[in-house]
2 protein chains.
Amino acid sequence: MSKHLARDLESLQRNLLGMAGRVEEAIYSAAKALRDQDVALADQVIAGDEAIDHLENELYEDCLKILALHQPVAVDLRRITATFHVTTDLERMGDLAVEIAERTVALAGSPAPPPADLLRMTDLAAGLVRQALDAFVSGDERLARRVIRLDDEVDRLHAEIIADLIARMRADPAAVEPGLSLFSACRHLERIADHATNIAEDVVYLVEGEIIRHRPESARGG
Amino acid sequence: MSKHLARDLESLQRNLLGMAGRVEEAIYSAAKALRDQDVALADQVIAGDEAIDHLENELYEDCLKILALHQPVAVDLRRITATFHVTTDLERMGDLAVEIAERTVALAGSPAPPPADLLRMTDLAAGLVRQALDAFVSGDERLARRVIRLDDEVDRLHAEIIADLIARMRADPAAVEPGLSLFSACRHLERIADHATNIAEDVVYLVEGEIIRHRPESARGG
């Protein structure tokens, strides 16, 4: 690898980490705002999304420039295409954090606290994001496979929370509207965990040089 | 451009269209199954997703091979990165069609017909997907900008349907569970239209060589 390519790839990695840090913060803040019904914090998350989108566009341009300038092959090429993918996942996670924040704003003043499991799910999903990014940066396939396995736990909690919300909404018409917001927030969290899983799958792909995205569940996370 | 590169790009385009055709069919079928409460058709959509995921992986490999073999630059490089993006959007749309089909299965036997606006939204969203893909294939920036504008109409219908569903669910506890499924289906449709908008934005990017993803709404679709 040429010195220039190495330098550009390092800079790409640094920028990706910069974006990842912002997205992680958005997810944690969105989760905290939902838990504490903190509308001011939710507004901060919403306002911060523009910066994340800007970072996505910059990363996208960086990848193109490296491809055009260095025409990398093999593992370097794979790293850049993985960076494309991870950038897309990060941007979607940022959007989902905004959507959770918007649900928090919609819930403002609602007397119903979020179900306890939703808070557990929040912590779990935010932790998955952190671990998926750690696995990406360090090329840790073992950690990546752990993220893929833990996503099942998020899905299990998700199903429990939905059942709980349905019971609340059936019992009380006043619970319908806040229930829908909690239902959405819960769904967004589950999607965030899915994107963390996508990143983990990219790590396995990078390390093993094979695609495990879309394999049947039984072949994944083994 | 070398003859080999031209041939490989043509083949890439053909494969992308093949995948797009499958995804479009999945969306139409999912919409039809929801409207007609046709569980057998919904099951077909769910079963068909594996083939779409397979096509995504093939396209992803094709892009990598072309990048490695021909090291394309400028407009060819942009077309390949746009193909990456469009492939990702198509795969997500396929997943969303499956999620709509799953809601149809969940709704089976429910006495409540979907709101009329949901059917209008379905037609509109499916039409946007078709137009976005047409715009991509023909490089039609005007059509792409039309898609971006029409997405606002989808968002408007989405808001109306949610209000209608909330009213139904508040009025009748038995409407809560089917209401949540319709709420989800509606949300998935809105996301499908968003992905069509992403593709339309890629077209504008390809044609204009600039990124309009994430511009403020007022600067888009003008």
# chains A, B, ... in the order shown; residues from 1 in each chain; ligands from 1
call {"tool": "closest_atom_pairs", "arguments": {"of": "range 28-115 of chain B", "to": "range 120-140 of chain B", "cutoff": "12 Å", "atoms": "only C-alpha atoms", "output": "tab-separated table"}}
result
residue	atom	partner	partner_atom	distance
B:Tyr28	CA	B:Ala126	CA	6.4
B:Ser29	CA	B:Ala126	CA	10.1
B:Ala30	CA	B:Thr122	CA	9.3
B:Ala31	CA	B:Thr122	CA	6.0
B:Lys32	CA	B:Thr122	CA	8.7
B:Ala33	CA	B:Thr122	CA	11.1
B:Leu34	CA	B:Thr122	CA	9.3
B:Arg35	CA	B:Thr122	CA	9.0
B:Arg79	CA	B:Phe136	CA	10.1
B:Ala82	CA	B:Phe136	CA	9.4
B:Thr83	CA	B:Phe136	CA	9.5
B:His85	CA	B:Phe136	CA	11.6
B:Val86	CA	B:Phe136	CA	9.0
B:Thr87	CA	B:Leu133	CA	11.1
B:Asp89	CA	B:Val129	CA	10.4
B:Leu90	CA	B:Val129	CA	9.3
B:Met93	CA	B:Val129	CA	9.1
B:Gly94	CA	B:Val129	CA	11.4
B:Ala97	CA	B:Ala126	CA	10.4
B:Ile100	CA	B:Thr122	CA	10.7
B:Pro114	CA	B:Arg120	CA	10.7
B:Pro115	CA	B:Arg120	CA	9.2
call {"tool": "write_last_selection", "arguments": {"atoms": "C-alpha atoms", "output": "PDB file, in the first residue's frame"}}
result
ATOM      1  CA  TYR B  28     -47.421  -4.269  -5.455  1.00  0.00           C
ATOM      2  CA  SER B  29     -48.241  -7.730  -4.130  1.00  0.00           C
ATOM      3  CA  ALA B  30     -47.863  -6.637  -0.513  1.00  0.00           C
ATOM      4  CA  ALA B  31     -50.160  -3.683  -1.207  1.00  0.00           C
ATOM      5  CA  LYS B  32     -52.716  -5.889  -2.986  1.00  0.00           C
ATOM      6  CA  ALA B  33     -52.589  -8.473  -0.179  1.00  0.00           C
ATOM      7  CA  LEU B  34     -53.214  -5.753   2.411  1.00  0.00           C
ATOM      8  CA  ARG B  35     -56.121  -4.286   0.432  1.00  0.00           C
ATOM      9  CA  ARG B  79     -22.655   5.239 -11.455  1.00  0.00           C
ATOM     10  CA  ALA B  82     -25.041   5.067  -7.061  1.00  0.00           C
ATOM     11  CA  THR B  83     -25.742   1.418  -7.874  1.00  0.00           C
ATOM     12  CA  HIS B  85     -26.926   3.019  -2.901  1.00  0.00           C
ATOM     13  CA  VAL B  86     -29.866   1.996  -5.044  1.00  0.00           C
ATOM     14  CA  THR B  87     -29.228  -1.675  -4.268  1.00  0.00           C
ATOM     15  CA  ASP B  89     -32.569   1.086  -0.987  1.00  0.00           C
ATOM     16  CA  LEU B  90     -34.135  -1.719  -3.022  1.00  0.00           C
ATOM     17  CA  MET B  93     -37.933  -1.737   0.245  1.00  0.00           C
ATOM     18  CA  GLY B  94     -38.098  -5.516  -0.184  1.00  0.00           C
ATOM     19  CA  ALA B  97     -42.822  -5.169   1.622  1.00  0.00           C
ATOM     20  CA  ILE B 100     -46.386  -5.110   5.264  1.00  0.00           C
ATOM     21  CA  PRO B 114     -58.022  -0.767   6.055  1.00  0.00           C
ATOM     22  CA  PRO B 115     -58.830   2.971   5.849  1.00  0.00           C
TER      23      PRO B 115
END
call {"tool": "residues_around", "arguments": {"residues": "range 9-13 of chain B", "least_positions_apart": "3", "cutoff": "9 Å", "atoms": "only C-alpha atoms", "output": "ChimeraX atom specification"}}
result
/B:4-6,16-18,59,62-63,66,76,79-80,83,137
call {"tool": "write_last_selection", "arguments": {"atoms": "C-alpha atoms", "output": "PDB file, in the first residue's frame"}}
result
ATOM      1  CA  HIS B   4     -14.983  -4.565 -21.295  1.00  0.00           C
ATOM      2  CA  LEU B   5     -15.959  -1.928 -18.777  1.00  0.00           C
ATOM      3  CA  ALA B   6     -18.928  -0.888 -20.930  1.00  0.00           C
ATOM      4  CA  LEU B  16     -30.047  -3.998 -10.985  1.00  0.00           C
ATOM      5  CA  LEU B  17     -33.177  -3.869 -13.125  1.00  0.00           C
ATOM      6  CA  GLY B  18     -33.775  -7.534 -12.429  1.00  0.00           C
ATOM      7  CA  LEU B  59     -24.992  -6.963  -7.163  1.00  0.00           C
ATOM      8  CA  ASP B  62     -20.560  -7.318  -9.137  1.00  0.00           C
ATOM      9  CA  CYS B  63     -19.799  -3.747  -8.069  1.00  0.00           C
ATOM     10  CA  ILE B  66     -15.901  -3.971 -11.561  1.00  0.00           C
ATOM     11  CA  ASP B  76     -18.452   5.491 -14.297  1.00  0.00           C
ATOM     12  CA  ARG B  79     -22.655   5.239 -11.455  1.00  0.00           C
ATOM     13  CA  ILE B  80     -21.240   2.313  -9.502  1.00  0.00           C
ATOM     14  CA  THR B  83     -25.742   1.418  -7.874  1.00  0.00           C
ATOM     15  CA  VAL B 137     -32.486   3.941 -15.674  1.00  0.00           C
TER      16      VAL B 137
END
call {"tool": "closest_residue", "arguments": {"among": "A:Ala26, A:Ala175, A:Ala108, A:Ile46", "to": "chain B", "atoms": "only C-alpha atoms"}}
result
A:Ala175
call {"tool": "closest_atom_pairs", "arguments": {"of": "chain A", "to": "chain B", "cutoff": "10 Å", "atoms": "only C-alpha atoms", "output": "JSON lines"}}
result
{"residue": "A:Asp49", "atom": "CA", "partner": "B:His214", "partner_atom": "CA", "distance": 9.8}
{"residue": "A:Glu50", "atom": "CA", "partner": "B:His214", "partner_atom": "CA", "distance": 7.8}
{"residue": "A:Ile52", "atom": "CA", "partner": "B:His214", "partner_atom": "CA", "distance": 9.8}
{"residue": "A:Asp53", "atom": "CA", "partner": "B:His214", "partner_atom": "CA", "distance": 6.2}
{"residue": "A:His54", "atom": "CA", "partner": "B:His214", "partner_atom": "CA", "distance": 7.7}
{"residue": "A:Glu56", "atom": "CA", "partner": "B:His214", "partner_atom": "CA", "distance": 9.4}
{"residue": "A:Asn57", "atom": "CA", "partner": "B:Ile211", "partner_atom": "CA", "distance": 7.5}
{"residue": "A:Tyr60", "atom": "CA", "partner": "B:Thr81", "partner_atom": "CA", "distance": 9.3}
{"residue": "A:Glu61", "atom": "CA", "partner": "B:Ile211", "partner_atom": "CA", "distance": 9.3}
{"residue": "A:Cys63", "atom": "CA", "partner": "B:Thr81", "partner_atom": "CA", "distance": 9.6}
{"residue": "A:Leu64", "atom": "CA", "partner": "B:Leu77", "partner_atom": "CA", "distance": 7.8}
{"residue": "A:Lys65", "atom": "CA", "partner": "B:Val73", "partner_atom": "CA", "distance": 9.6}
{"residue": "A:Leu67", "atom": "CA", "partner": "B:Gln71", "partner_atom": "CA", "distance": 7.9}
{"residue": "A:Ala68", "atom": "CA", "partner": "B:Val73", "partner_atom": "CA", "distance": 5.4}
{"residue": "A:Leu69", "atom": "CA", "partner": "B:Val73", "partner_atom": "CA", "distance": 8.6}
{"residue": "A:His70", "atom": "CA", "partner": "B:Gln71", "partner_atom": "CA", "distance": 9.1}
{"residue": "A:Gln71", "atom": "CA", "partner": "B:Gln71", "partner_atom": "CA", "distance": 5.6}
{"residue": "A:Pro72", "atom": "CA", "partner": "B:Ala68", "partner_atom": "CA", "distance": 7.5}
{"residue": "A:Val73", "atom": "CA", "partner": "B:Ala68", "partner_atom": "CA", "distance": 5.5}
{"residue": "A:Ala74", "atom": "CA", "partner": "B:Ala68", "partner_atom": "CA", "distance": 7.3}
{"residue": "A:Leu77", "atom": "CA", "partner": "B:Ala68", "partner_atom": "CA", "distance": 7.5}
{"residue": "A:Arg78", "atom": "CA", "partner": "B:Leu64", "partner_atom": "CA", "distance": 7.9}
{"residue": "A:Thr81", "atom": "CA", "partner": "B:Leu64", "partner_atom": "CA", "distance": 8.1}
{"residue": "A:Phe84", "atom": "CA", "partner": "B:Phe84", "partner_atom": "CA", "distance": 8.8}
{"residue": "A:His85", "atom": "CA", "partner": "B:Thr88", "partner_atom": "CA", "distance": 8.8}
{"residue": "A:Thr88", "atom": "CA", "partner": "B:His85", "partner_atom": "CA", "distance": 8.7}
{"residue": "A:Ile162", "atom": "CA", "partner": "B:Leu180", "partner_atom": "CA", "distance": 9.6}
{"residue": "A:Ala163", "atom": "CA", "partner": "B:Glu177", "partner_atom": "CA", "distance": 9.5}
{"residue": "A:Leu165", "atom": "CA", "partner": "B:Val176", "partner_atom": "CA", "distance": 9.9}
{"residue": "A:Ile166", "atom": "CA", "partner": "B:Glu177", "partner_atom": "CA", "distance": 6.5}
{"residue": "A:Ala167", "atom": "CA", "partner": "B:Val176", "partner_atom": "CA", "distance": 9.0}
{"residue": "A:Arg168", "atom": "CA", "partner": "B:Val176", "partner_atom": "CA", "distance": 9.9}
{"residue": "A:Met169", "atom": "CA", "partner": "B:Val176", "partner_atom": "CA", "distance": 6.7}
{"residue": "A:Arg170", "atom": "CA", "partner": "B:Pro173", "partner_atom": "CA", "distance": 4.5}
{"residue": "A:Ala171", "atom": "CA", "partner": "B:Pro173", "partner_atom": "CA", "distance": 7.1}
{"residue": "A:Asp172", "atom": "CA", "partner": "B:Pro173", "partner_atom": "CA", "distance": 8.0}
{"residue": "A:Pro173", "atom": "CA", "partner": "B:Arg170", "partner_atom": "CA", "distance": 4.5}
{"residue": "A:Ala174", "atom": "CA", "partner": "B:Arg170", "partner_atom": "CA", "distance": 7.2}
{"residue": "A:Ala175", "atom": "CA", "partner": "B:Arg170", "partner_atom": "CA", "distance": 8.4}
{"residue": "A:Val176", "atom": "CA", "partner": "B:Arg170", "partner_atom": "CA", "distance": 6.1}
{"residue": "A:Glu177", "atom": "CA", "partner": "B:Ile166", "partner_atom": "CA", "distance": 6.5}
{"residue": "A:Gly179", "atom": "CA", "partner": "B:Leu180", "partner_atom": "CA", "distance": 9.8}
{"residue": "A:Leu180", "atom": "CA", "partner": "B:Leu180", "partner_atom": "CA", "distance": 7.7}
{"residue": "A:Phe183", "atom": "CA", "partner": "B:Leu180", "partner_atom": "CA", "distance": 8.5}
{"residue": "A:Ser184", "atom": "CA", "partner": "B:Ser184", "partner_atom": "CA", "distance": 8.6}
{"residue": "A:Arg187", "atom": "CA", "partner": "B:Ser184", "partner_atom": "CA", "distance": 9.4}
{"residue": "A:Glu210", "atom": "CA", "partner": "B:Glu61", "partner_atom": "CA", "distance": 10.0}
{"residue": "A:Ile211", "atom": "CA", "partner": "B:Asn57", "partner_atom": "CA", "distance": 7.5}
{"residue": "A:Ile212", "atom": "CA", "partner": "B:Asn57", "partner_atom": "CA", "distance": 9.4}
{"residue": "A:Arg213", "atom": "CA", "partner": "B:Asn57", "partner_atom": "CA", "distance": 8.0}
{"residue": "A:His214", "atom": "CA", "partner": "B:Asp53", "partner_atom": "CA", "distance": 6.2}
{"residue": "A:Arg215", "atom": "CA", "partner": "B:Asp53", "partner_atom": "CA", "distance": 9.0}
{"residue": "A:Pro216", "atom": "CA", "partner": "B:Glu50", "partner_atom": "CA", "distance": 9.1}
call {"tool": "atom_distance", "arguments": {"atom1": "CA of Arg146 in chain B", "atom2": "CA of Val45 in chain B"}}
result
28.5 Å
call {"tool": "calpha_fit_and_write", "arguments": {"fixed": "chain A", "moving": "chain B", "output": "short mmCIF file (atom, residue, chain, number, x, y, z; two decimals) with C-alpha atoms, in the first residue's frame"}}
result
data_model
loop_
_atom_site.label_atom_id
_atom_site.label_comp_id
_atom_site.auth_asym_id
_atom_site.auth_seq_id
_atom_site.Cartn_x
_atom_site.Cartn_y
_atom_site.Cartn_z
CA MET B 1 -0.03 -0.01 -0.05
CA SER B 2 1.34 3.44 -0.91
CA LYS B 3 2.05 5.90 1.90
CA HIS B 4 -0.57 8.26 0.47
CA LEU B 5 -3.25 5.61 0.38
CA ALA B 6 -2.43 4.57 3.95
CA ARG B 7 -2.70 8.18 5.07
CA ASP B 8 -6.04 8.68 3.29
CA LEU B 9 -7.46 5.46 4.71
CA GLU B 10 -6.43 6.55 8.21
CA SER B 11 -8.13 9.89 7.69
CA LEU B 12 -11.25 8.08 6.40
CA GLN B 13 -11.29 5.90 9.51
CA ARG B 14 -10.88 8.97 11.73
CA ASN B 15 -13.80 10.72 10.03
CA LEU B 16 -15.94 7.60 10.30
CA LEU B 17 -15.20 7.47 14.02
CA GLY B 18 -16.09 11.13 14.31
CA MET B 19 -19.46 10.45 12.72
CA ALA B 20 -19.94 7.30 14.83
CA GLY B 21 -19.28 9.30 18.01
CA ARG B 22 -21.96 11.80 17.07
CA VAL B 23 -24.48 9.09 16.24
CA GLU B 24 -23.76 7.19 19.44
CA GLU B 25 -24.27 10.36 21.44
CA ALA B 26 -27.56 11.01 19.60
CA ILE B 27 -28.78 7.51 20.46
CA TYR B 28 -27.83 7.79 24.13
CA SER B 29 -29.38 11.24 24.38
CA ALA B 30 -32.56 10.14 22.61
CA ALA B 31 -32.80 7.18 24.99
CA LYS B 32 -32.18 9.38 28.05
CA ALA B 33 -34.72 11.95 26.84
CA LEU B 34 -37.34 9.22 26.39
CA ARG B 35 -36.64 7.75 29.84
CA ASP B 36 -36.63 11.09 31.67
CA GLN B 37 -39.33 12.67 29.46
CA ASP B 38 -36.79 15.44 28.82
CA VAL B 39 -38.10 17.49 25.89
CA ALA B 40 -35.16 19.93 25.87
CA LEU B 41 -32.72 17.06 25.40
CA ALA B 42 -34.95 15.56 22.70
CA ASP B 43 -34.87 18.92 20.89
CA GLN B 44 -31.07 18.87 21.01
CA VAL B 45 -31.04 15.45 19.34
CA ILE B 46 -33.34 16.73 16.59
CA ALA B 47 -31.20 19.84 16.04
CA GLY B 48 -28.01 17.77 15.90
CA ASP B 49 -29.08 15.62 12.96
CA GLU B 50 -28.01 18.13 10.34
CA ALA B 51 -24.40 17.85 11.47
CA ILE B 52 -24.61 14.05 11.17
CA ASP B 53 -26.01 14.29 7.64
CA HIS B 54 -23.20 16.65 6.75
CA LEU B 55 -20.64 14.17 8.04
CA GLU B 56 -22.27 11.43 5.98
CA ASN B 57 -21.91 13.48 2.81
CA GLU B 58 -18.28 14.24 3.60
CA LEU B 59 -17.50 10.57 4.16
CA TYR B 60 -19.25 9.66 0.95
CA GLU B 61 -17.09 12.19 -0.94
CA ASP B 62 -13.95 10.95 0.86
CA CYS B 63 -14.62 7.38 -0.27
CA LEU B 64 -15.11 8.51 -3.86
CA LYS B 65 -11.91 10.55 -3.81
CA ILE B 66 -9.88 7.63 -2.49
CA LEU B 67 -11.38 5.30 -5.07
CA ALA B 68 -10.63 7.74 -7.89
CA LEU B 69 -7.16 8.72 -6.70
CA HIS B 70 -5.69 5.41 -5.52
CA GLN B 71 -7.83 2.80 -7.24
CA PRO B 72 -7.34 0.46 -4.30
CA VAL B 73 -7.78 -3.30 -4.62
CA ALA B 74 -8.41 -6.33 -2.42
CA VAL B 75 -8.58 -5.63 1.31
CA ASP B 76 -8.32 -1.83 0.90
CA LEU B 77 -11.20 -1.84 -1.55
CA ARG B 78 -13.25 -4.00 0.81
CA ARG B 79 -12.58 -1.61 3.66
CA ILE B 80 -13.84 1.32 1.60
CA THR B 81 -17.01 -0.43 0.52
CA ALA B 82 -17.56 -1.46 4.14
CA THR B 83 -17.10 2.19 5.11
CA PHE B 84 -19.83 3.08 2.60
CA HIS B 85 -22.13 0.57 4.25
CA VAL B 86 -21.31 1.59 7.80
CA THR B 87 -21.79 5.26 6.92
CA THR B 88 -25.26 4.46 5.56
CA ASP B 89 -26.11 2.47 8.70
CA LEU B 90 -24.86 5.28 10.95
CA GLU B 91 -26.89 7.88 9.12
CA ARG B 92 -30.03 5.74 9.45
CA MET B 93 -29.35 5.27 13.17
CA GLY B 94 -29.04 9.05 13.49
CA ASP B 95 -32.42 9.42 11.77
CA LEU B 96 -33.94 6.83 14.10
CA ALA B 97 -32.55 8.68 17.14
CA VAL B 98 -34.31 11.77 15.79
CA GLU B 99 -37.53 9.81 15.39
CA ILE B 100 -37.29 8.60 18.99
CA ALA B 101 -36.67 12.19 20.09
CA GLU B 102 -39.76 13.28 18.13
CA ARG B 103 -41.81 10.64 19.94
CA THR B 104 -40.51 12.04 23.24
CA VAL B 105 -41.71 15.50 22.19
CA ALA B 106 -45.08 14.01 21.20
CA LEU B 107 -45.31 12.27 24.58
CA ALA B 108 -44.61 15.49 26.52
CA GLY B 109 -47.01 15.84 29.43
CA SER B 110 -48.32 12.29 29.03
CA PRO B 111 -48.89 10.78 32.46
CA ALA B 112 -47.90 7.28 31.31
CA PRO B 113 -44.25 6.40 32.01
CA PRO B 114 -42.55 4.20 29.38
CA PRO B 115 -42.66 0.46 30.20
CA ALA B 116 -39.64 -0.66 32.27
CA ASP B 117 -38.66 -3.12 29.54
CA LEU B 118 -38.38 -0.23 27.06
CA LEU B 119 -35.65 1.27 29.21
CA ARG B 120 -33.83 -2.07 29.34
CA MET B 121 -34.19 -2.36 25.57
CA THR B 122 -32.80 1.15 25.17
CA ASP B 123 -29.66 0.33 27.16
CA LEU B 124 -29.20 -2.92 25.29
CA ALA B 125 -29.60 -1.32 21.84
CA ALA B 126 -27.25 1.57 22.66
CA GLY B 127 -24.71 -0.94 23.96
CA LEU B 128 -24.96 -2.95 20.73
CA VAL B 129 -24.17 0.14 18.69
CA ARG B 130 -21.06 0.83 20.76
CA GLN B 131 -19.89 -2.78 20.53
CA ALA B 132 -20.54 -2.99 16.77
CA LEU B 133 -18.43 0.12 16.19
CA ASP B 134 -15.67 -1.16 18.49
CA ALA B 135 -15.69 -4.41 16.54
CA PHE B 136 -15.46 -2.49 13.26
CA VAL B 137 -12.54 -0.33 14.36
CA SER B 138 -10.55 -3.17 15.88
CA GLY B 139 -11.59 -5.80 13.32
CA ASP B 140 -12.80 -7.97 16.19
CA GLU B 141 -14.86 -10.72 14.59
CA ARG B 142 -15.64 -12.39 17.93
CA LEU B 143 -17.20 -9.21 19.29
CA ALA B 144 -19.08 -8.74 16.00
CA ARG B 145 -20.62 -12.20 16.32
CA ARG B 146 -21.60 -11.39 19.90
CA VAL B 147 -23.50 -8.32 18.63
CA ILE B 148 -25.34 -10.47 16.10
CA ARG B 149 -26.37 -12.88 18.87
CA LEU B 150 -27.46 -10.13 21.29
CA ASP B 151 -29.78 -8.68 18.67
CA ASP B 152 -32.07 -11.65 19.36
CA GLU B 153 -32.44 -10.43 22.95
CA VAL B 154 -33.51 -7.02 21.63
CA ASP B 155 -36.12 -8.71 19.43
CA ARG B 156 -37.42 -10.68 22.43
CA LEU B 157 -37.79 -7.55 24.56
CA HIS B 158 -39.44 -5.79 21.63
CA ALA B 159 -42.16 -8.46 21.43
CA GLU B 160 -42.78 -8.26 25.21
CA ILE B 161 -43.10 -4.48 25.18
CA ILE B 162 -45.57 -4.54 22.28
CA ALA B 163 -47.76 -7.02 24.19
CA ASP B 164 -47.62 -4.75 27.26
CA LEU B 165 -48.55 -1.66 25.22
CA ILE B 166 -51.48 -3.42 23.55
CA ALA B 167 -52.84 -4.38 26.98
CA ARG B 168 -52.56 -0.77 28.19
CA MET B 169 -54.23 0.66 25.09
CA ARG B 170 -57.10 -1.83 25.21
CA ALA B 171 -57.73 -0.99 28.85
CA ASP B 172 -57.81 2.79 28.46
CA PRO B 173 -58.67 4.96 25.40
CA ALA B 174 -56.50 7.73 26.86
CA ALA B 175 -53.53 5.37 26.54
CA VAL B 176 -53.97 4.97 22.76
CA GLU B 177 -52.13 8.06 21.58
CA PRO B 178 -49.15 7.87 23.97
CA GLY B 179 -49.16 4.10 23.37
CA LEU B 180 -48.62 4.66 19.64
CA SER B 181 -45.67 6.94 20.35
CA LEU B 182 -44.12 4.35 22.66
CA PHE B 183 -44.87 1.65 20.06
CA SER B 184 -42.96 3.72 17.47
CA ALA B 185 -40.06 4.51 19.80
CA CYS B 186 -39.76 0.81 20.56
CA ARG B 187 -39.79 -0.07 16.91
CA HIS B 188 -37.10 2.55 16.16
CA LEU B 189 -34.90 1.08 18.89
CA GLU B 190 -35.30 -2.34 17.39
CA ARG B 191 -34.23 -0.89 14.01
CA ILE B 192 -31.19 0.76 15.60
CA ALA B 193 -30.16 -2.64 16.93
CA ASP B 194 -30.68 -4.08 13.42
CA HIS B 195 -28.31 -1.47 11.99
CA ALA B 196 -25.75 -2.35 14.68
CA THR B 197 -26.14 -5.94 13.49
CA ASN B 198 -25.55 -4.81 9.89
CA ILE B 199 -22.26 -3.21 10.99
CA ALA B 200 -21.30 -6.36 12.86
CA GLU B 201 -22.01 -8.34 9.69
CA ASP B 202 -19.73 -5.98 7.76
CA VAL B 203 -16.99 -6.73 10.28
CA VAL B 204 -17.36 -10.45 9.76
CA TYR B 205 -17.36 -9.82 6.01
CA LEU B 206 -14.19 -7.77 6.23
CA VAL B 207 -12.45 -10.30 8.43
CA GLU B 208 -13.63 -13.38 6.64
CA GLY B 209 -13.94 -11.87 3.19
CA GLU B 210 -17.34 -13.37 2.81
CA ILE B 211 -20.85 -12.05 2.95
CA ILE B 212 -22.97 -13.23 5.86
CA ARG B 213 -25.64 -10.54 5.44
CA HIS B 214 -28.89 -12.33 4.72
CA ARG B 215 -27.79 -15.81 5.69
CA PRO B 216 -30.53 -17.75 7.48
CA GLU B 217 -30.54 -16.92 11.21
CA SER B 218 -29.28 -20.36 12.14
CA ALA B 219 -26.05 -19.84 10.18
CA ARG B 220 -25.33 -16.49 11.83
CA GLY B 221 -23.81 -15.45 15.09
CA GLY B 222 -22.69 -18.99 15.79
#
call {"tool": "select_by_dssp", "arguments": {"residues": "range 62-142 of chain B", "states": "helix (DSSP H, G or I)", "output": "PyMOL selection string"}}
result
chain B and resi 62-70+74-107+116-138+141-142
